[in-house]
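Raw input_19.txt, compact mmCIF, C-alpha atoms and all ligand atoms:
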# COMPACT_ATOMS: atom_id res chain seq x y z
CA MET A 13 121.89 80.00 110.48
CA LYS A 14 119.38 82.27 108.80
CA LEU A 15 116.37 80.54 107.32
CA GLU A 16 115.32 81.54 103.83
CA PRO A 17 111.73 82.78 103.86
CA ASN A 18 109.26 80.30 102.46
CA PRO A 19 108.38 81.45 98.90
CA ILE A 20 104.70 80.75 99.47
CA ASP A 21 104.68 82.93 102.60
CA VAL A 22 106.35 85.69 100.62
CA LEU A 23 103.74 85.39 97.87
CA LEU A 24 100.87 85.43 100.37
CA ALA A 25 102.29 88.46 102.14
CA ASP A 26 102.55 90.22 98.78
CA CYS A 27 98.94 89.40 97.95
CA GLU A 28 97.73 90.63 101.33
CA ALA A 29 99.67 93.85 100.97
CA GLN A 30 98.22 94.38 97.51
CA LEU A 31 94.68 93.83 98.79
CA ARG A 32 95.22 96.34 101.60
CA ARG A 33 96.32 98.99 99.08
CA ARG A 34 93.14 98.76 96.98
CA GLY A 35 91.06 101.92 97.02
CA LYS A 36 93.90 103.97 98.48
CA ASP A 37 95.76 106.59 96.53
CA GLY A 38 99.27 105.23 95.92
CA GLY A 39 100.67 108.07 93.86
CA ASP A 40 103.22 106.52 91.52
CA SER A 41 103.65 103.45 93.71
CA TRP A 42 100.53 101.34 93.21
CA CYS A 43 97.27 101.07 91.28
CA TYR A 44 94.36 102.73 93.07
CA LEU A 45 91.90 100.04 91.95
CA CYS A 46 93.76 96.73 92.37
CA GLY A 47 96.75 97.78 94.50
CA VAL A 48 99.36 96.18 92.21
CA SER A 49 102.82 97.76 92.39
CA GLY A 50 105.89 97.65 90.17
CA VAL A 51 103.94 98.23 86.95
CA ALA A 52 103.37 101.27 84.73
CA LEU A 53 100.61 103.52 86.08
CA SER A 54 98.63 106.25 84.42
CA ARG A 55 95.54 108.38 84.97
CA CYS A 56 92.24 106.82 84.09
CA ASP A 57 90.42 108.87 81.48
CA CYS A 58 87.31 106.71 81.28
CA GLY A 59 85.01 109.72 81.10
CA LEU A 60 83.35 108.98 84.44
CA SER A 61 86.35 109.90 86.59
CA GLU A 62 84.34 112.50 88.49
CA SER A 63 81.74 110.01 89.64
CA LEU A 64 83.83 106.86 89.87
CA ARG A 65 86.62 108.66 91.72
CA CYS A 66 89.38 107.38 89.46
CA GLY A 67 90.47 110.84 88.31
CA LYS A 68 92.82 111.72 91.14
CA SER A 69 94.75 108.48 91.51
CA LYS A 70 96.77 106.44 89.04
CA VAL A 71 95.80 103.00 87.82
CA CYS A 72 97.45 100.06 86.02
CA ASP A 73 96.75 99.30 82.35
CA ASP A 74 94.41 96.37 83.08
CA CYS A 75 92.27 98.43 85.44
CA ARG A 76 92.27 101.38 83.04
CA ASP A 77 91.05 99.22 80.13
CA ALA A 78 88.40 97.62 82.30
CA HIS A 79 87.27 101.00 83.63
CA ARG A 80 86.88 102.31 80.09
CA LYS A 81 84.84 99.30 79.10
CA ILE A 82 82.50 99.63 82.07
CA ALA A 83 82.27 103.42 81.63
CA SER A 84 81.21 103.04 77.99
CA GLN A 85 78.64 100.41 78.93
CA LEU A 86 77.28 102.78 81.59
CA GLU A 87 77.16 105.70 79.13
CA LEU A 88 75.24 103.56 76.62
CA MET A 89 72.83 102.63 79.36
CA PHE A 90 72.41 106.26 80.49
CA MET A 91 71.68 107.37 76.93
CA ALA A 92 68.96 104.76 76.47
CA LYS A 93 65.40 105.90 77.07
CA ARG A 94 63.27 104.87 80.01
CA THR A 95 60.65 102.30 79.04
CA ALA A 96 58.64 99.68 80.84
CA ARG A 97 59.80 96.92 78.51
CA ALA A 98 61.96 94.20 80.02
CA ASN A 99 63.90 93.84 76.77
CA SER A 100 64.62 97.54 76.27
CA ARG A 101 68.22 98.55 75.74
CA ARG A 102 68.37 100.20 79.16
CA SER A 103 67.06 97.24 81.09
CA ARG A 104 69.17 94.80 79.10
CA LEU A 105 72.43 96.66 79.86
CA TYR A 106 71.39 97.07 83.50
CA ARG A 107 70.65 93.36 83.79
CA GLN A 108 74.02 92.45 82.24
CA ILE A 109 75.81 94.43 84.93
CA ARG A 110 73.78 92.95 87.79
CA GLU A 111 74.12 89.41 86.52
CA ALA A 112 77.86 89.84 85.98
CA CYS A 113 78.14 90.95 89.63
CA GLU A 114 76.88 87.57 90.77
CA SER A 115 80.15 85.88 89.85
CA LEU A 116 82.31 88.37 91.72
CA GLY A 117 82.23 87.48 95.42
CA PRO A 118 81.15 89.77 98.28
CA GLU A 119 82.19 92.97 96.52
CA GLY A 120 80.04 92.10 93.51
CA GLN A 121 77.12 91.06 95.74
CA ARG A 122 77.26 94.41 97.49
CA LEU A 123 77.13 96.30 94.20
CA ARG A 124 74.41 94.00 92.90
CA SER A 125 72.09 94.54 95.84
CA ARG A 126 72.74 98.27 95.98
CA LEU A 127 71.90 98.61 92.30
CA GLY A 128 68.72 96.64 92.88
CA ARG A 129 67.73 98.84 95.82
CA GLU A 130 68.73 102.23 94.46
CA ALA A 131 68.32 102.22 90.67
CA CYS A 132 65.28 101.18 88.68
CA PRO A 133 65.68 100.80 84.89
CA TYR A 134 61.90 100.98 84.43
CA GLY A 135 60.96 103.82 86.77
CA ASP A 136 63.90 106.22 87.08
CA GLU A 137 63.87 109.28 84.90
CA GLU A 138 67.12 109.65 82.85
CA LYS A 139 69.08 111.99 85.10
CA GLN A 140 68.01 110.22 88.27
CA PHE A 141 68.93 106.82 86.84
CA ARG A 142 72.47 108.03 86.17
CA VAL A 143 72.84 109.46 89.68
CA ASN A 144 71.41 106.31 91.27
CA VAL A 145 73.59 103.86 89.31
CA LEU A 146 76.81 105.81 89.88
CA GLY A 147 75.85 106.24 93.53
CA ALA A 148 75.52 102.46 93.87
CA PHE A 149 79.02 102.00 92.42
CA THR A 150 80.69 104.49 94.76
CA GLY A 151 78.48 103.70 97.76
CA SER A 152 79.33 100.00 97.62
CA GLY A 153 83.06 100.73 97.37
CA PHE A 154 83.26 98.55 94.28
CA LEU A 155 86.78 98.29 92.79
CA ASP A 156 86.93 95.00 90.87
CA PHE A 157 86.38 96.51 87.43
CA VAL A 158 88.68 93.95 85.78
CA GLY A 159 86.50 91.14 87.10
CA LEU A 160 83.31 92.95 86.15
CA ALA A 161 84.52 93.68 82.60
CA LYS A 162 85.42 90.00 82.12
CA ALA A 163 82.09 88.82 83.48
CA ILE A 164 80.20 91.24 81.20
CA ASP A 165 82.20 90.01 78.19
CA GLU A 166 81.18 86.47 79.05
CA GLN A 167 77.57 87.55 79.51
CA GLN A 168 77.53 89.24 76.09
CA ARG A 169 79.14 86.22 74.46
CA ILE A 170 76.40 83.97 75.81
CA GLU A 171 73.65 86.39 74.74
CA LEU A 172 75.12 86.58 71.25
CA ALA A 173 75.36 82.80 70.95
CA PHE A 174 71.77 82.53 72.16
CA ALA A 175 70.57 85.15 69.67
CA ILE A 176 72.37 83.42 66.81
CA SER A 177 70.99 80.02 67.70
CA ARG A 178 67.46 81.44 67.96
CA SER A 179 67.73 83.32 64.69
CA GLY A 180 68.33 80.06 62.85
CA ILE A 181 71.18 81.54 60.77
CA LEU A 182 73.38 78.63 61.67
CA ASP A 183 70.68 76.02 61.21
CA LEU A 184 71.83 74.12 64.34
ZN ZN B 201 95.05 97.85 88.68
ZN ZN B 202 88.05 105.48 85.30

Mind turning this structure into structure tokens?
Ligand SMILES: [Zn+2]
Ligand SMILES: [Zn+2]
Amino acid sequence: MKLEPNPIDVLLADCEAQLRRRGKDGGDSWCYLCGVSGVALSRCDCGLSESLRCGKSKVCDDCRDAHRKIASQLELMFMAKRTARANSRRSRLYRQIREACESLGPEGQRLRSRLGREACPYGDEEKQFRVNVLGAFTGSGFLDFVGLAKAIDEQQRIELAFAISRSGILDL
């Protein structure tokens, strides 16, 4: 008699296989960033493909959307001027990314500490800041852009709620 495989074992094996594929070029077979297979894949045109290494491999729609969101946040941050103020646009966007990393497990912690070590929103001159931040992303092998985009959304939602409550518009 042949035993049917336990559905939970099958699911776990699938998850493990997906995790092993992350960060490896899968051609048309799996997403470079999250390793998922059996879904539509396309090239990521987030604008930072050169530096974030997503230009050569294909990604799923979720990862592509998340990559675009993070790339536009990074571009905004790179365009902002260097200042010593803690509430400058540059330091605020930088802080959002680092704080969002905290909720992301070991991968996020690695990115968080690398950013802290290698990029300074107060001291780095514009070009250097860009190189340092992107270097921290690639150097830490960070791939969980879907998680990071969600965490940044949450972060921005909280900041907005806080700003509204402080402004007194709602008279809470
Ligand atoms: Zn993906
Ligand atoms: Zn990309």

Can you work out which one of A:Ala112, A:Met89, A:Leu64, A:Ile181 has the shortest atom-to-atom distance to ligand ZN 202 (chain B), counting all atoms listed in the file?
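Checking each candidate against ligand ZN 202 (chain B), we get A:Leu64 as the closest.
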
Within 8 Å of ligand ZN 202 (chain B) (counting all atoms listed in the file), which residues show up? I'd like them as a ChimeraX atom specification.
/A:56-61,64-67,76,79-80,83

Using all atoms listed in the file, determine which residues lie at most 9 Å from Cys46 (chain A), disregarding the query and same-chain residues fewer than 4 positions distant; provide the list as a PyMOL selection string.
chain A and resi 30-31+33-35+42+71-72+75+155-158

Between A:Cys43, A:Leu23, A:Leu105, A:Leu172, which has the minimum distance to Ser84 (chain A) (counting only C-alpha atoms)?
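Under the stated criterion, the closest residue is A:Leu105.
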
Using all atoms listed in the file, find the one residue out of A:Leu15, A:Cys113, A:Ala92, A:Ala173 that sits nearest to Lys139 (chain A).
A:Ala92

Using all atoms listed in the file, which of the listed residues (A:Asp77, A:Glu171, A:Glu119, A:Asp165) sits closest to ligand ZN 201 (chain B)?
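Among A:Asp77, A:Glu171, A:Glu119, A:Asp165, it is A:Asp77 that comes nearest to ligand ZN 201 (chain B).
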
Gap from CA of Gly159 (chain A) to CA of Glu137 (chain A) - Å, one decimal:
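Computing it gives 29.1 Å between the two atoms.
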
In Å, rounded to a single decimal, give me how far CA of Ser152 (chain A) is from CA of Arg32 (chain A).
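We find that CA of Arg32 (chain A) and CA of Ser152 (chain A) lie 16.8 Å from each other.
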
What is the CA of Gly151 (chain A) to CA of Arg122 (chain A) distance in Å?
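Pair CA of Gly151 (chain A) / CA of Arg122 (chain A) returns 9.4 Å.
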
Can you list, as a compact mmCIF listing (two decimals) with C-alpha atoms, in the frame of the given file, every protein, DNA or RNA residue that comes within 12 Å of Tyr106 (chain A) when you count all atoms listed in the file, leaving out same-chain residues fewer than 3 positions away?
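Resulting contents of out-v9.txt:
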# COMPACT_ATOMS: atom_id res chain seq x y z
CA ILE A 82 82.50 99.63 82.07
CA GLN A 85 78.64 100.41 78.93
CA LEU A 86 77.28 102.78 81.59
CA GLU A 87 77.16 105.70 79.13
CA LEU A 88 75.24 103.56 76.62
CA MET A 89 72.83 102.63 79.36
CA PHE A 90 72.41 106.26 80.49
CA ALA A 92 68.96 104.76 76.47
CA ARG A 94 63.27 104.87 80.01
CA ALA A 98 61.96 94.20 80.02
CA ASN A 99 63.90 93.84 76.77
CA SER A 100 64.62 97.54 76.27
CA ARG A 101 68.22 98.55 75.74
CA ARG A 102 68.37 100.20 79.16
CA SER A 103 67.06 97.24 81.09
CA ILE A 109 75.81 94.43 84.93
CA ARG A 110 73.78 92.95 87.79
CA GLU A 111 74.12 89.41 86.52
CA ALA A 112 77.86 89.84 85.98
CA CYS A 113 78.14 90.95 89.63
CA ARG A 124 74.41 94.00 92.90
CA LEU A 127 71.90 98.61 92.30
CA GLY A 128 68.72 96.64 92.88
CA ALA A 131 68.32 102.22 90.67
CA CYS A 132 65.28 101.18 88.68
CA PRO A 133 65.68 100.80 84.89
CA TYR A 134 61.90 100.98 84.43
CA PHE A 141 68.93 106.82 86.84
CA ARG A 142 72.47 108.03 86.17
CA VAL A 145 73.59 103.86 89.31
CA ILE A 164 80.20 91.24 81.20

Could you check the closest approach to Leu116 (chain A) for each of A:Thr95, A:Phe154, A:Glu130, A:Asn18 and tell me which residue wins, using only C-alpha atoms?
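Of A:Thr95, A:Phe154, A:Glu130, A:Asn18, the one nearest Leu116 (chain A), counting only C-alpha atoms, is A:Phe154.
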
Which is closest to Ala52 (chain A) among A:Cys27, A:Asp40, A:Lys14, A:Arg129, if we use all atoms listed in the file?
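Closest residue, counting all atoms listed in the file: A:Asp40.
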